[in-house]
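Scroll down for the structure; my scribbles are underneath it.
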Amino acid sequence: NKALNSSPHYSPCPISRPMATTTRPTAIYTVRPTSFYLTAAAGGALACGVTHAAITPLDVAKCRMQVDLRRYPSLPTTIRAVVAEEGVRGLLKGFTPALLGYHAQGMFKYGLYEYFKDIYSGMAGEENARKYRGLIWLAGSASAEFFADIALCPFEMVKVKVQTAPRGTWPVATLPATRKMIQMRGETRFPLGSLVPLWSRQIPYTMAKFFCFEKTISLFYTYVFTEDKESYSKGTQLGVTFASGYIAGIFCAVVSHPGDTLVSLLGKKENKGKPIAQIAREFGLRNLATAGLAARILMVGSLTGFQWLIFDSYKAAAGFATTGGK
C-alpha cells in the first residue's frame, strides 16, 4: 500500500525464514511496527462495538422476522409490534452483549486483517502481491474472521436468545441471561454452539466486506480522485472511505444473510436439539436467503460504512495513513 508505506510511522521489519538446503532464495516477510497493528485492533474494536450496539433496534426487528415470518412480515410492522408489546425498551434487547461481543470481534477482525494481509503479501513477493492483491485481501480477511468469531460467539448467542425468546421466558439483562445459558448449556449449546453457523455467516461476509471495500476504494482513486492520494485532505479521504464502506456493505448483506438467519433460528425454542441441516430444510432455502433481508441491507450498509469511517478516522488520528489507494 503506497500510502501506508509513505507514512512517517512506517518502518518495514524484514523477518527471514531459515534457509532451506536448496538454492531457492530466502522468503522475506515484511511487517509494520507493532504500534500499527495495535492501532488497527483498537480502531476495529471501537468501530465494531459502537456501530453494532447503535443498530440494536434494527437487529431486534431483523431477528424477529427471521424466526417468525407470519407474525413479523415486514420491518415497519415488526417495529410497531415490538413497541406495542414491550415498549421502546424492547427494541434495545441485546444492546450490552452486542457492544461487548462486537468490540472483541472488531479487535481481532481489523487488527489481524492488517497483519495477515502484510504476511501474505510478503510471502507472495512484491510483484505477485500486486498482481494477486484480491486473493490476498480474501485470504487475510478470512483468516482474521476465523479467530474473531471465536471471541464473538458467546456474546452473539446471548444476544440472539435475549432478542428472540418470547417475552417473560428468558432474562433480558446480560448477566442473568448468560448464567441461564450456562445452566442450560445442554440445550443452548453455550458458549460455542453457534460457532459453525457464525463462521458460515461471518467469514463470507468479511471476505466480501474487505474485498469490496478495497476494490471500491481503489476504483475511486483510479477513476474519480485521480491525483496522488496524499494530495487530498483527510476529510476527502475519509469521505471516500465511508462511500466505499457503504457500497461494500450492501453486497455483504446479501452474501452472508443465509448464515445470519440460521444463527437466529438456532435461538428459537422449537429448534432445540435439531441438527443445523434439518433447521435449514424446514425453514426453506428461499426463506433463509430472503427473510429479513431488506432490514439487513439497511442495517449492514450503514454499519459497514460507519465502521470503516471510524476505523480510518482512528488510524488517521494516530498518525497513520487511511486505508487503500490505487
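By order of appearance in the C-alpha cells: chains A, B, ..., then residues from 1 within every chain, and ligands from 1 in the order shown.
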
Write out as a ChimeraX atom specification each polymer residue whose atoms come within 9 Å of A:Gly245, counting only C-alpha atoms; drop sequence neighbours fewer than 2 positions from it.
-> /A:209-210,212-214,216-217,240-243,247-250,301-309

Just the residues within 9 Å of A:Leu46, please, counting only C-alpha atoms, with nothing from its chain fewer than 3 positions along; format it as a list of chain:residue names.
-> A:Ala41, A:Ala42, A:Gly43, A:Gly49, A:Val50, A:Thr51, A:Tyr102, A:His103, A:Gly106, A:Met107, A:Gln307, A:Ile310, A:Phe311, A:Tyr314

List every residue of stretch 121-181 of chain A that DSSP, applied to the backbone, labels as alpha helix (DSSP H), and write the result as a ChimeraX atom specification.
-> /A:121-124,126-131,133-164,174-181

Selection near A:Arg179, 12 Å with only C-alpha atoms, sequence-local residues under 5 positions removed, as a ChimeraX atom specification | /A:154,158,170-174,184-185,188,190-191

Figure out the distance between atom CA of A:Tyr113 and atom CA of A:Thr56, please, to one decimal in Å.
->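 Straight-line distance from atom CA of A:Thr56 to atom CA of A:Tyr113 works out to 25.5 Å.
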
A:Leu266: which residues within 8 Å, counting only C-alpha atoms, same-chain residues fewer than 2 positions away excluded, as a list in words?
->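 Surrounding residues, per the criterion: Ser194, Leu262, Val263, Ser264, Lys268, Asn271, Lys272, Ile276 and Ile279 of chain A.
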
Output N, CA, C and O atoms of each residue in that selection to a file, as a compact mmCIF listing (two decimals), in the first residue's frame.
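And here is the file that came out, out.txt:
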```txt
# COMPACT_ATOMS: atom_id res chain seq x y z
N SER A 194 -23.01 -22.02 18.41
CA SER A 194 -23.37 -21.33 17.16
C SER A 194 -22.14 -20.98 16.32
O SER A 194 -22.25 -20.23 15.36
N LEU A 262 -29.73 -18.55 9.99
CA LEU A 262 -29.52 -19.79 10.74
C LEU A 262 -29.16 -19.51 12.19
O LEU A 262 -29.63 -20.20 13.11
N VAL A 263 -28.29 -18.50 12.42
CA VAL A 263 -27.91 -18.15 13.79
C VAL A 263 -29.15 -17.75 14.59
O VAL A 263 -29.32 -18.15 15.75
N SER A 264 -30.05 -16.99 13.97
CA SER A 264 -31.27 -16.58 14.66
C SER A 264 -32.18 -17.78 14.94
O SER A 264 -32.77 -17.90 16.01
N LYS A 268 -34.24 -20.26 18.58
CA LYS A 268 -35.68 -20.49 18.72
C LYS A 268 -35.95 -21.76 19.51
O LYS A 268 -35.34 -22.80 19.25
N ASN A 271 -36.50 -25.21 17.89
CA ASN A 271 -35.37 -25.83 17.19
C ASN A 271 -34.35 -26.44 18.14
O ASN A 271 -33.28 -26.88 17.70
N LYS A 272 -34.69 -26.49 19.42
CA LYS A 272 -33.79 -27.04 20.42
C LYS A 272 -33.41 -28.48 20.09
O LYS A 272 -34.27 -29.33 19.88
N ILE A 276 -28.43 -28.67 12.39
CA ILE A 276 -28.49 -27.44 11.60
C ILE A 276 -29.11 -27.69 10.23
O ILE A 276 -29.93 -26.90 9.74
N ILE A 279 -32.89 -27.82 10.46
CA ILE A 279 -33.47 -26.48 10.66
C ILE A 279 -33.53 -25.74 9.33
O ILE A 279 -34.55 -25.13 8.99
```

Show which residues sit within 10 Å of A:Lys117, as number ranges by chain. Count only C-alpha atoms, and ignore same-chain residues fewer than 6 positions away.
-> A: 31, 123, 129, 133, 135-141, 143-144

Residue selection dump (C-alpha atoms) as an mmCIF file, in the first residue's frame:
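Okay, part_3.cif is ready:
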```cif
data_model
loop_
_atom_site.group_PDB
_atom_site.id
_atom_site.type_symbol
_atom_site.label_atom_id
_atom_site.label_comp_id
_atom_site.auth_asym_id
_atom_site.auth_seq_id
_atom_site.Cartn_x
_atom_site.Cartn_y
_atom_site.Cartn_z
ATOM 1 C CA VAL A 31 5.616 -6.372 8.578
ATOM 2 C CA MET A 123 5.088 -14.436 1.219
ATOM 3 C CA ALA A 129 1.308 -9.283 -4.125
ATOM 4 C CA ARG A 133 -3.894 -8.491 -4.295
ATOM 5 C CA LEU A 135 -6.680 -13.013 -3.347
ATOM 6 C CA ILE A 136 -4.562 -11.557 -0.551
ATOM 7 C CA TRP A 137 -7.487 -9.425 0.628
ATOM 8 C CA LEU A 138 -9.716 -12.507 0.639
ATOM 9 C CA ALA A 139 -7.186 -14.733 2.426
ATOM 10 C CA GLY A 140 -6.313 -12.069 5.004
ATOM 11 C CA SER A 141 -9.930 -11.295 5.856
ATOM 12 C CA SER A 143 -8.003 -15.752 8.374
ATOM 13 C CA ALA A 144 -8.794 -12.807 10.642
#
```

Go through A:Gly168, A:Val224, A:His52, A:Asp312 and flag the residue nearest A:Glu86, using only C-alpha atoms for the distances.
->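 Closest residue, counting only C-alpha atoms: A:Gly168.
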
Among the residues A:Thr96, A:Thr322, A:Thr206, A:Pro197, the one that comes closest to A:Ala280 [using only C-alpha atoms] | A:Pro197

Contacts of A:Asp149 at 9 Å (only C-alpha atoms; same-chain gap of 3+ positions) as a ChimeraX atom specification | /A:105,108-109,144-146,152-153,195,198-199,202-203

Residue nearest A:Leu75 - candidates A:Gly44, A:Gly292, A:Gly193, A:Pro204, atoms counted: only C-alpha atoms |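 Smallest distance to A:Leu75 is found for A:Gly292.
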
Can you list, as a PyMOL selection string, every protein, DNA or RNA residue that comes within 8 Å of A:Ala291 when you count only C-alpha atoms, leaving out same-chain residues fewer than 4 positions away?
-> chain A and resi 65-66+69+261+287

Quick one, how far is atom CA of A:Gln163 from atom CA of A:Ala47?
->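 Computing the Euclidean distance for atom CA of A:Gln163 and atom CA of A:Ala47 yields 22.4 Å.
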